[in-house]
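Q: Dropping in start28.cif, which is mmCIF, C-alpha atoms and all ligand atoms:
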data_target
#
loop_
_atom_site.label_atom_id
_atom_site.label_comp_id
_atom_site.auth_asym_id
_atom_site.auth_seq_id
_atom_site.Cartn_x
_atom_site.Cartn_y
_atom_site.Cartn_z
CA MET N 1 0.30 -27.83 0.36
CA SER N 2 -2.59 -25.56 1.32
CA SER N 3 -0.47 -24.22 4.19
CA SER N 4 1.23 -21.77 1.85
CA LEU N 5 -2.06 -20.35 0.60
CA ALA N 6 -3.61 -17.21 2.07
CA ILE N 7 -6.07 -14.50 1.10
CA GLY N 8 -4.70 -10.97 0.71
CA VAL N 9 -6.98 -7.93 0.64
CA ASP N 10 -5.74 -4.41 -0.11
CA ILE N 11 -8.16 -1.66 0.90
CA GLY N 12 -7.49 1.69 -0.74
CA GLY N 13 -9.17 5.06 -0.84
CA THR N 14 -10.48 4.29 -4.33
CA GLY N 15 -10.61 0.52 -4.74
CA ILE N 16 -10.51 -2.72 -2.78
CA LYS N 17 -8.49 -5.55 -4.32
CA GLY N 18 -8.11 -9.13 -3.25
CA ALA N 19 -6.87 -12.54 -4.34
CA ILE N 20 -5.82 -15.93 -3.07
CA VAL N 21 -2.04 -16.02 -2.97
CA ASP N 22 0.53 -18.80 -3.04
CA LEU N 23 3.18 -17.57 -0.64
CA THR N 24 5.80 -20.05 -1.81
CA GLY N 25 6.47 -18.11 -4.98
CA GLY N 26 4.52 -14.94 -4.26
CA THR N 27 1.98 -15.51 -7.02
CA LEU N 28 -1.76 -14.96 -7.28
CA VAL N 29 -3.61 -18.25 -7.70
CA THR N 30 -6.95 -16.61 -8.51
CA ASP N 31 -7.75 -13.61 -10.67
CA ARG N 32 -7.41 -10.37 -8.78
CA VAL N 33 -10.87 -9.14 -7.76
CA LYS N 34 -11.30 -5.36 -7.68
CA VAL N 35 -14.34 -3.38 -6.52
CA PRO N 36 -14.75 0.33 -5.82
CA THR N 37 -14.33 1.47 -2.22
CA PRO N 38 -17.84 2.35 -0.97
CA ARG N 39 -18.44 6.09 -1.14
CA GLY N 40 -17.47 7.82 2.08
CA GLY N 41 -15.22 4.94 3.15
CA GLU N 42 -17.37 4.13 6.19
CA PRO N 43 -16.28 1.19 8.38
CA ASP N 44 -19.48 -0.89 8.09
CA ASP N 45 -19.63 -0.51 4.31
CA ILE N 46 -15.98 -1.44 3.83
CA VAL N 47 -16.25 -4.44 6.15
CA GLU N 48 -19.35 -5.62 4.25
CA THR N 49 -17.54 -5.25 0.91
CA VAL N 50 -14.59 -7.28 2.15
CA VAL N 51 -16.89 -10.02 3.51
CA GLN N 52 -18.58 -10.26 0.12
CA MET N 53 -15.24 -10.39 -1.67
CA ILE N 54 -13.98 -13.22 0.52
CA ASP N 55 -17.29 -15.12 0.22
CA GLY N 56 -16.83 -14.74 -3.52
CA PHE N 57 -13.72 -16.93 -3.42
CA GLY N 58 -16.08 -19.80 -2.52
CA VAL N 59 -14.70 -23.16 -1.43
CA GLN N 60 -11.22 -22.18 -2.62
CA GLY N 61 -11.08 -19.52 0.10
CA GLU N 62 -12.67 -21.54 2.91
CA GLY N 63 -10.57 -21.64 6.05
CA LEU N 64 -7.62 -19.80 4.52
CA PRO N 65 -5.81 -17.22 6.65
CA VAL N 66 -6.68 -13.64 5.75
CA GLY N 67 -4.38 -10.62 5.69
CA ILE N 68 -5.87 -7.17 5.15
CA CYS N 69 -4.00 -3.93 4.54
CA PHE N 70 -5.48 -0.49 4.97
CA PRO N 71 -4.48 3.16 4.32
CA ALA N 72 -3.94 4.22 7.93
CA VAL N 73 -1.55 3.92 10.84
CA VAL N 74 -2.34 0.57 12.46
CA LEU N 75 -1.27 0.01 16.06
CA HIS N 76 -2.18 -3.26 17.77
CA GLY N 77 -5.07 -3.78 15.38
CA ARG N 78 -6.47 -0.28 15.80
CA THR N 79 -6.63 2.27 13.01
CA MET N 80 -5.14 5.48 14.35
CA SER N 81 -5.56 7.77 11.33
CA ALA N 82 -7.78 8.12 8.26
CA ALA N 83 -6.53 10.15 5.31
CA ASN N 84 -8.66 9.00 2.37
CA VAL N 85 -11.43 7.13 4.21
CA SER N 86 -14.06 8.10 6.80
CA LYS N 87 -12.75 9.75 9.97
CA ARG N 88 -14.76 7.12 11.88
CA TRP N 89 -11.79 4.78 11.45
CA ILE N 90 -9.70 6.84 13.85
CA GLY N 91 -9.31 4.88 17.08
CA LEU N 92 -11.43 1.96 15.83
CA GLU N 93 -10.62 -1.65 16.77
CA ALA N 94 -10.45 -2.41 13.06
CA GLU N 95 -8.83 -5.83 13.24
CA ALA N 96 -11.44 -7.04 15.73
CA LEU N 97 -14.22 -5.63 13.55
CA PHE N 98 -13.06 -7.64 10.52
CA GLU N 99 -12.48 -10.75 12.65
CA LYS N 100 -16.04 -10.63 13.92
CA ALA N 101 -17.51 -10.16 10.46
CA LEU N 102 -15.30 -12.84 8.87
CA THR N 103 -15.54 -15.21 11.86
CA ARG N 104 -11.81 -15.95 11.75
CA ASP N 105 -8.52 -14.48 12.88
CA ILE N 106 -6.94 -12.04 10.49
CA ARG N 107 -3.78 -9.92 10.23
CA PHE N 108 -4.37 -6.23 9.69
CA ILE N 109 -1.60 -3.78 8.71
CA ASN N 110 -0.89 -0.52 6.89
CA ASP N 111 -1.08 -0.81 3.09
CA ALA N 112 2.36 0.62 2.29
CA ASP N 113 3.90 -1.59 4.97
CA ALA N 114 2.30 -4.60 3.28
CA ALA N 115 3.69 -3.51 -0.09
CA ALA N 116 7.16 -3.05 1.40
CA VAL N 117 7.12 -6.52 2.95
CA ALA N 118 6.10 -8.04 -0.39
CA GLU N 119 8.82 -6.19 -2.30
CA ALA N 120 11.35 -7.37 0.31
CA LYS N 121 10.24 -11.00 -0.01
CA TYR N 122 9.63 -11.25 -3.73
CA GLY N 123 10.48 -8.00 -5.50
CA ALA N 124 12.67 -4.94 -5.91
CA ALA N 125 13.87 -4.80 -2.29
CA LYS N 126 14.87 -8.48 -2.08
CA ASP N 127 18.36 -8.85 -0.57
CA VAL N 128 18.90 -5.08 -0.46
CA GLY N 129 20.76 -3.99 2.66
CA GLY N 130 20.44 -0.67 4.49
CA LEU N 131 17.44 1.58 4.30
CA VAL N 132 14.88 1.07 1.56
CA ILE N 133 11.83 3.33 1.19
CA LEU N 134 8.85 1.93 -0.67
CA SER N 135 6.71 4.82 -1.81
CA THR N 136 3.23 4.09 -3.15
CA LEU N 137 1.80 6.77 -5.41
CA GLY N 138 -1.98 6.40 -5.52
CA THR N 139 -4.91 8.18 -3.92
CA GLY N 140 -2.40 9.15 -1.21
CA ILE N 141 1.34 8.57 -0.80
CA GLY N 142 2.18 5.55 1.29
CA SER N 143 5.59 4.83 2.76
CA GLY N 144 7.03 1.52 3.87
CA LEU N 145 10.47 1.56 5.49
CA LEU N 146 12.75 -1.48 5.48
CA PHE N 147 16.13 -1.73 7.14
CA ASP N 148 18.15 -4.78 6.08
CA GLY N 149 14.83 -6.25 4.94
CA VAL N 150 13.09 -5.70 8.28
CA LEU N 151 9.97 -3.55 8.30
CA ILE N 152 9.86 -0.38 10.40
CA PRO N 153 6.06 -0.01 10.54
CA ASN N 154 3.75 2.98 10.26
CA ALA N 155 6.00 5.58 8.62
CA GLU N 156 3.73 8.34 7.28
CA LEU N 157 6.09 10.16 4.95
CA GLY N 158 3.28 11.01 2.54
CA HIS N 159 2.17 13.57 5.09
CA LEU N 160 5.50 15.42 5.33
CA GLU N 161 4.88 19.12 5.06
CA ILE N 162 6.80 20.40 2.05
CA ASP N 163 6.55 24.03 0.93
CA GLY N 164 3.72 24.45 3.41
CA LYS N 165 1.61 21.64 1.95
CA ASP N 166 0.83 18.06 2.84
CA ALA N 167 3.14 16.23 0.40
CA GLU N 168 0.55 13.75 -0.85
CA SER N 169 -1.87 16.54 -1.78
CA ARG N 170 0.74 17.72 -4.34
CA ALA N 171 2.58 14.60 -5.41
CA ALA N 172 0.22 11.60 -5.17
CA TYR N 173 -0.96 10.14 -8.45
CA SER N 174 -4.43 11.47 -7.59
CA ALA N 175 -2.98 15.02 -7.73
CA LYS N 176 -1.69 14.34 -11.26
CA GLU N 177 -5.16 13.22 -12.30
CA ARG N 178 -7.08 15.91 -10.43
CA GLU N 179 -4.98 18.72 -11.89
CA SER N 180 -4.44 17.04 -15.29
CA LEU N 181 -0.66 17.39 -14.87
CA SER N 182 1.69 16.27 -17.63
CA TRP N 183 4.22 13.56 -16.70
CA GLU N 184 6.91 16.27 -16.71
CA ASP N 185 5.03 18.58 -14.33
CA TRP N 186 4.16 15.72 -12.02
CA ALA N 187 7.79 14.53 -12.08
CA LYS N 188 8.89 17.99 -10.85
CA ARG N 189 6.71 17.51 -7.77
CA LEU N 190 8.03 13.98 -7.26
CA GLN N 191 11.58 15.30 -7.59
CA ARG N 192 10.92 17.73 -4.73
CA TYR N 193 9.29 15.00 -2.64
CA PHE N 194 12.00 12.36 -3.11
CA GLU N 195 14.78 14.93 -2.65
CA THR N 196 13.24 15.76 0.73
CA LEU N 197 13.11 12.06 1.67
CA ASP N 198 16.76 11.71 0.72
CA ALA N 199 17.77 14.78 2.73
CA LEU N 200 16.01 13.44 5.81
CA LEU N 201 16.71 9.70 5.61
CA SER N 202 19.53 8.93 3.10
CA PRO N 203 18.03 5.69 1.80
CA GLU N 204 20.02 3.23 -0.34
CA LEU N 205 17.04 2.62 -2.58
CA ILE N 206 13.61 4.08 -3.30
CA VAL N 207 11.01 1.71 -4.75
CA VAL N 208 8.05 3.34 -6.48
CA GLY N 209 4.81 1.40 -6.09
CA GLY N 210 1.09 1.85 -6.65
CA GLY N 211 -0.86 1.36 -9.86
CA VAL N 212 1.07 4.08 -11.70
CA SER N 213 4.33 2.15 -11.24
CA LYS N 214 3.47 0.22 -14.41
CA GLU N 215 3.88 3.56 -16.23
CA TYR N 216 7.25 4.21 -14.62
CA ALA N 217 8.94 4.81 -17.99
CA HIS N 218 7.04 8.12 -18.22
CA PHE N 219 8.37 9.59 -14.99
CA VAL N 220 11.11 7.60 -13.21
CA PRO N 221 13.78 8.49 -15.85
CA LEU N 222 12.94 12.19 -15.31
CA LEU N 223 13.97 12.01 -11.63
CA LYS N 224 17.55 12.97 -10.78
CA LEU N 225 18.32 11.61 -7.33
CA ARG N 226 21.31 10.38 -5.35
CA PRO N 227 19.74 7.06 -4.26
CA SER N 228 18.74 4.48 -6.84
CA ILE N 229 15.06 4.63 -7.70
CA VAL N 230 13.27 1.69 -9.32
CA PRO N 231 9.66 0.65 -9.97
CA ALA N 232 8.05 -1.96 -7.74
CA VAL N 233 8.36 -5.42 -9.28
CA LEU N 234 4.97 -6.50 -7.96
CA ARG N 235 3.25 -3.36 -9.21
CA ASN N 236 -0.19 -3.02 -7.74
CA ASN N 237 -0.30 -6.57 -6.32
CA ALA N 238 2.26 -5.81 -3.62
CA GLY N 239 -0.35 -4.90 -0.99
CA ILE N 240 -2.28 -8.13 -1.57
CA LEU N 241 0.89 -10.24 -1.42
CA GLY N 242 2.28 -8.47 1.64
CA ALA N 243 -0.98 -8.66 3.57
CA ALA N 244 -1.19 -12.39 2.78
CA TRP N 245 2.47 -12.85 3.79
CA MET N 246 1.83 -11.25 7.17
CA THR N 247 -0.62 -14.04 8.07
CA GLY N 248 2.44 -16.22 8.62
CA ALA N 249 1.00 -18.93 6.37
CA ALA N 250 4.30 -19.25 4.54
CA SER N 251 6.22 -20.56 7.52
C1 LIG N 301 -2.14 7.28 4.59
C2 LIG N 301 -1.18 6.13 4.72
C3 LIG N 301 -1.29 5.21 3.52
C4 LIG N 301 -1.17 6.00 2.23
C5 LIG N 301 -1.38 5.14 0.99
C6 LIG N 301 -1.93 7.98 3.27
O1 LIG N 301 -2.82 9.03 3.13
O2 LIG N 301 -1.97 8.21 5.64
O3 LIG N 301 -1.41 5.42 5.91
O4 LIG N 301 -0.31 4.22 3.57
O5 LIG N 301 -2.11 7.06 2.20
O6 LIG N 301 -2.63 4.57 0.96
#
Starting from the coordinates I provided, produce the structure as structure tokens.
A:
Amino acid sequence: MSSSLAIGVDIGGTGIKGAIVDLTGGTLVTDRVKVPTPRGGEPDDIVETVVQMIDGFGVQGEGLPVGICFPAVVLHGRTMSAANVSKRWIGLEAEALFEKALTRDIRFINDADAAAVAEAKYGAAKDVGGLVILSTLGTGIGSGLLFDGVLIPNAELGHLEIDGKDAESRAAYSAKERESLSWEDWAKRLQRYFETLDALLSPELIVVGGGVSKEYAHFVPLLKLRPSIVPAVLRNNAGILGAAWMTGAAS
């Protein structure tokens, strides 16, 4: 039975979340643990925080496969960018760093890719054909692309330049908070962002994820778009579930 259990950890620019997951039904079998991302987002500090989190699962977590997702382009276990964490991550052998500290093999992927995989397995993108874009609205804007349910990794559509600006600096949830925008004013920025995605990629479906997706009633109905747009079913647990899924423990 334990073969369908895995630990998922979702590292963000603001918080680090983790839980033990049952991959059979895509459910959390422990409470979700959440701690702040260490100030500065330095590699050693983040690794240490994740080690402590996993130790905190005690015997329940012993020997379980670990999947970790992170807010950067991840190629062959290396972090190739760093938008809301220390620039020291760029070019780092991140997967190997975590494996050494945790003394076990892990899977390490982009956070929005993890969320997209989870929504495809258990949530809003399940059985949806064609192109689906999962867009996480948090500290940054993450993008996970699925075609017929298959992940196309490392899309960085949050960094599209729109009206001369990095899109996430205007339309991420952090921009709403930083500038104290009303839902209506924020929705105008999202409208511009999602319209641009549609013009470039013509998706069948856009899934809105990130913590703010639980408040979707305040802004999703304000968006007038050609593709369907729906909130993520797994809300802010999608990264944890997707990272755990990528360990392969479900098969
Ligand atoms: C990063 C992405 C990440 C997204 C959400 C962006 O700033 O470049 O890799 O998926 O934030 O965390």
Q: From the set N:Leu157, N:Val212, N:Leu225, N:Val33, which residue has the shortest atom-to-atom contact distance to ligand LIG 301 (chain N), counting all atoms listed in the file?
A: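 Using all atoms listed in the file, the shortest distance to ligand LIG 301 (chain N) belongs to N:Leu157.
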Q: Residues contacting ligand LIG 301 (chain N) - anything with an atom at most 10 Å away, using only C-alpha atoms and all ligand atoms - can you give me those as a ChimeraX atom specification?
A: /N:10-14,69-74,79-85,109-115,135-144,154-159,166-169,172,210,239
Q: Do a neighbour search on Val35 in chain N at 8 Å with only C-alpha atoms, toss out local chain neighbours closer than 2 positions, and write the hits as a PyMOL selection string.
A: chain N and resi 15-17+33+37
Q: List the neighbours of Ile106 in chain N out to 12 Å using only C-alpha atoms; skip same-chain residues closer than 3 positions along the sequence, and give me the result as JSON, numbers by chain.
A: {"N": [6, 7, 8, 9, 63, 64, 65, 66, 67, 68, 69, 77, 94, 95, 96, 97, 98, 99, 100, 101, 102, 103, 109, 243, 244, 245, 246, 247, 248, 249]}
Q: Considering only C-alpha atoms, return as a PDB file with C-alpha atoms, in the frame of the given file whatever protein or nucleic-acid residues lie within 12 Å of Ile229 in chain N, sequence-local ones (same chain, fewer than 3 positions apart) excluded.
A:
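Once everything was written out, this is selection.pdb:
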ATOM      1  CA  ALA N 124      12.670  -4.940  -5.910  1.00  0.00           C
ATOM      2  CA  ALA N 125      13.870  -4.800  -2.290  1.00  0.00           C
ATOM      3  CA  VAL N 132      14.880   1.070   1.560  1.00  0.00           C
ATOM      4  CA  ILE N 133      11.830   3.330   1.190  1.00  0.00           C
ATOM      5  CA  LEU N 134       8.850   1.930  -0.670  1.00  0.00           C
ATOM      6  CA  SER N 135       6.710   4.820  -1.810  1.00  0.00           C
ATOM      7  CA  LEU N 190       8.030  13.980  -7.260  1.00  0.00           C
ATOM      8  CA  GLN N 191      11.580  15.300  -7.590  1.00  0.00           C
ATOM      9  CA  PHE N 194      12.000  12.360  -3.110  1.00  0.00           C
ATOM     10  CA  GLU N 195      14.780  14.930  -2.650  1.00  0.00           C
ATOM     11  CA  ASP N 198      16.760  11.710   0.720  1.00  0.00           C
ATOM     12  CA  PRO N 203      18.030   5.690   1.800  1.00  0.00           C
ATOM     13  CA  GLU N 204      20.020   3.230  -0.340  1.00  0.00           C
ATOM     14  CA  LEU N 205      17.040   2.620  -2.580  1.00  0.00           C
ATOM     15  CA  ILE N 206      13.610   4.080  -3.300  1.00  0.00           C
ATOM     16  CA  VAL N 207      11.010   1.710  -4.750  1.00  0.00           C
ATOM     17  CA  VAL N 208       8.050   3.340  -6.480  1.00  0.00           C
ATOM     18  CA  GLY N 209       4.810   1.400  -6.090  1.00  0.00           C
ATOM     19  CA  SER N 213       4.330   2.150 -11.240  1.00  0.00           C
ATOM     20  CA  TYR N 216       7.250   4.210 -14.620  1.00  0.00           C
ATOM     21  CA  ALA N 217       8.940   4.810 -17.990  1.00  0.00           C
ATOM     22  CA  PHE N 219       8.370   9.590 -14.990  1.00  0.00           C
ATOM     23  CA  VAL N 220      11.110   7.600 -13.210  1.00  0.00           C
ATOM     24  CA  PRO N 221      13.780   8.490 -15.850  1.00  0.00           C
ATOM     25  CA  LEU N 222      12.940  12.190 -15.310  1.00  0.00           C
ATOM     26  CA  LEU N 223      13.970  12.010 -11.630  1.00  0.00           C
ATOM     27  CA  LYS N 224      17.550  12.970 -10.780  1.00  0.00           C
ATOM     28  CA  LEU N 225      18.320  11.610  -7.330  1.00  0.00           C
ATOM     29  CA  ARG N 226      21.310  10.380  -5.350  1.00  0.00           C
ATOM     30  CA  ALA N 232       8.050  -1.960  -7.740  1.00  0.00           C
TER      31      ALA N 232
END
Q: How many Å lie between CA of Asp22 in chain N and CA of Lys121 in chain N, rounded to one decimal?
A: 12.8 Å
Q: To one decimal place, how far is CA of Ala175 in chain N from CA of Leu201 in chain N in Å?
A: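 One can read the CA of Ala175 in chain N to CA of Leu201 in chain N distance as 24.4 Å.
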Q: Between CA of Pro227 in chain N and CA of Ala118 in chain N, what is the distance in Å, rounded to a tenth?
A: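 Between CA of Pro227 in chain N and CA of Ala118 in chain N the gap works out to 20.7 Å.
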Q: So which one's closest to Ser86 in chain N, N:Lys126, N:Lys214, N:Arg39, N:Arg107? Using only C-alpha atoms, please.
A: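 Going through N:Lys126, N:Lys214, N:Arg39, N:Arg107 one by one, the smallest distance to Ser86 in chain N is for N:Arg39.
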Q: Pull the neighbourhood of (-14.3, 3.5, 10.1) for me: all residues within 8 Å in file coordinates, counting only C-alpha atoms, as a ChimeraX atom specification.
A: /N:41-44,85-90,92,94
